[in-house]
Amino acid sequence: MPKNATPINLTDEETCYLESLVNKGTIEARVYRRAKILLLKSAGMSNEAIAEKLDTTVPTVRLCLKKYADSGVKSALADAAGRGRRHEIFEDSKAWVINIACQKPTAFGLSAELWNPTSLTRYINSAAVEQGYPRMATASESSIRKILNEARLNPHKITYYCEKRDLDFDKKMHDVLVIYKQLELRFDEEGRLIPFSADEEAVHTLSYDEKPGIQAISTTSEDRPPVPNTEEVSTIMRDYEYKRLGTVSLLAAIDLLTGEAIPLISDTHKSSDFVNFLRIIDEKYPKGDKVRIILDNHSAHTSRETQEYLNTVPGRFEFVFTPTHGSWLNMVEGFFSKMTRQMLKGIRVDSKEELKERILKYFEEINAVPVPYKWKYKMDTIDLEKEDINEIVYEVVNAKAAGPDNKDKRAPEKKKRKSQKQDNPVVES
């Protein structure tokens with residue numbers, strides 16, 4: 001007799017029970033098959049013969065017999081715990097998961113700032129029964145991912161935005177666009193600058209900003225040049241290690257009529273540096289001309305030291321402030337972006353002085369062929385016939401920053417606009 005043809009010993013009660021099952025008119029196919037396996041095995045049939053007779057596999061026969069040997073007839077006929085189709089995850093459970101995913105882990109007493117699939121699944125499994133969603137106690141990570149994908153949620157990622165904190169943002173943006181519109185009219189149809197006539201006031205408009213914290217970094221060994229016709233060394237090779245030599249600040253403006261870029265490099269970023277820049281501008285342009293500067297609300301631009309200098313050159317400078325978080329309205333930002341891509345990216349120097357020299361050299365190269373910057377966004381919304389430039393530009397930038405001789409001076413309020421109910425103070429912050 002073959003080794004696997006050894007019969008099993010069923011009791012009379014078990015035999016009768018199994019025979020009653022196979023003789024039923026309606027019975028699940030898997031239960032019928034398992035009952036027949038046990039009956040045929042008790043008759044001494046081999047596993048192979050049983051499998052062939054019942055059109056199943058030998059492993060299926062073996063599994064049924066093993067379950068009988070371990071736990072008896074009832075165990076052999078039934079599916080093991082956890083087998084079969086899982087209960088469906090209903091919409092209320094999905095909504096509960098989505099609600100949790102839309103909150104930070106800290107809201108549930110956890111330390112993490114963001115969920116990841118593993119931590120979210122772990123929390124859902126632990127809280128499901130208590131919250132009345134017992135099915136989610138055994139939900140897998142893939143099930144949680146599927147729920148998040150259906151809801152188009154990525155709670156493990158952050159997308160940054162800029163909160164609109166300046167209540168007068170639209171009005172201030174409009175004012176800057178008015179200045180750009182005036183500049184647009186200084187060029188003819190072929191893009192050539194129209195010179196100021198003898199009977200009109202010359203106004204030089206500059207876009208100004210600072211770029212602080214430019215790092216002077218040196219290499220610890222020489223860069224290796226690329227080698228032609230090789231895949232391994234097709235780029236410049238550079239040692240990962242480097243040495244920090246300090247930082248410098250760049251103060252710069254671009255003349256929006258000529259395209260000329262004007263730099264000042266300093267080790268600091270203070271009011272005194274801004275005043276030094278204004279002195280450079282004052283020396284650069286003919287006396288009696290107006291210099292209009294578009295700039296942001298940095299404290300150095302509205303400080304006591306700055307105002308004290310402005311009081312020594314009355315009528316020389318006019319400031320137009322961009323709204324808070326509106327630096328993109330300042331055209332010099334595009335220049336800084338271009339400079340970073342073209343020159344500062346990956347730069348290595350042997351000293352801070354070399355960094356300053358190379359920055360100034362870049363300005364010389366740019367100014368060799370200056371290109372005026374032109375603004376296009378929303379320019380069609382500006383009608384200069386409806387604008388009063390006196391409402392946009394002003395000289396006093398800080399009421400409390402007047403010089404000693406003007407300590408009681410107060411900054412005048414700007415004129416009312418017809419569409420406004422309240423006055424806008426000169427001081428912008």
# chains A, B, ... in the order shown; residues from 1 in each chain; ligands from 1

call {"tool": "select_by_dssp", "arguments": {"residues": "region 268-416 of chain A", "states": "helix (DSSP H, G or I)", "output": "PyMOL selection string"}}
result
chain A and resi 271-284+299-302+304-310+327-329+332-344+352-368+379-381+384-386+389-391+399-401+404-406

call {"tool": "atom_distance", "arguments": {"atom1": "CA of Thr138 (chain A)", "atom2": "CA of Lys67 (chain A)"}}
result
25.4 Å

call {"tool": "residues_around", "arguments": {"residues": "Asp383 (chain A)", "least_positions_apart": "3", "cutoff": "9 Å", "atoms": "only C-alpha atoms", "output": "list in words"}}
result
Val178, Lys181, Met379, Asp380, Lys386 and Glu387 of chain A

call {"tool": "atom_distance", "arguments": {"atom1": "CA of Pro314 (chain A)", "atom2": "CA of Met173 (chain A)"}}
result
26.3 Å

call {"tool": "closest_residue", "arguments": {"among": "A:His174, A:Lys374, A:Val275, A:Arg224", "to": "Ile236 (chain A)", "atoms": "only C-alpha atoms"}}
result
A:Arg224
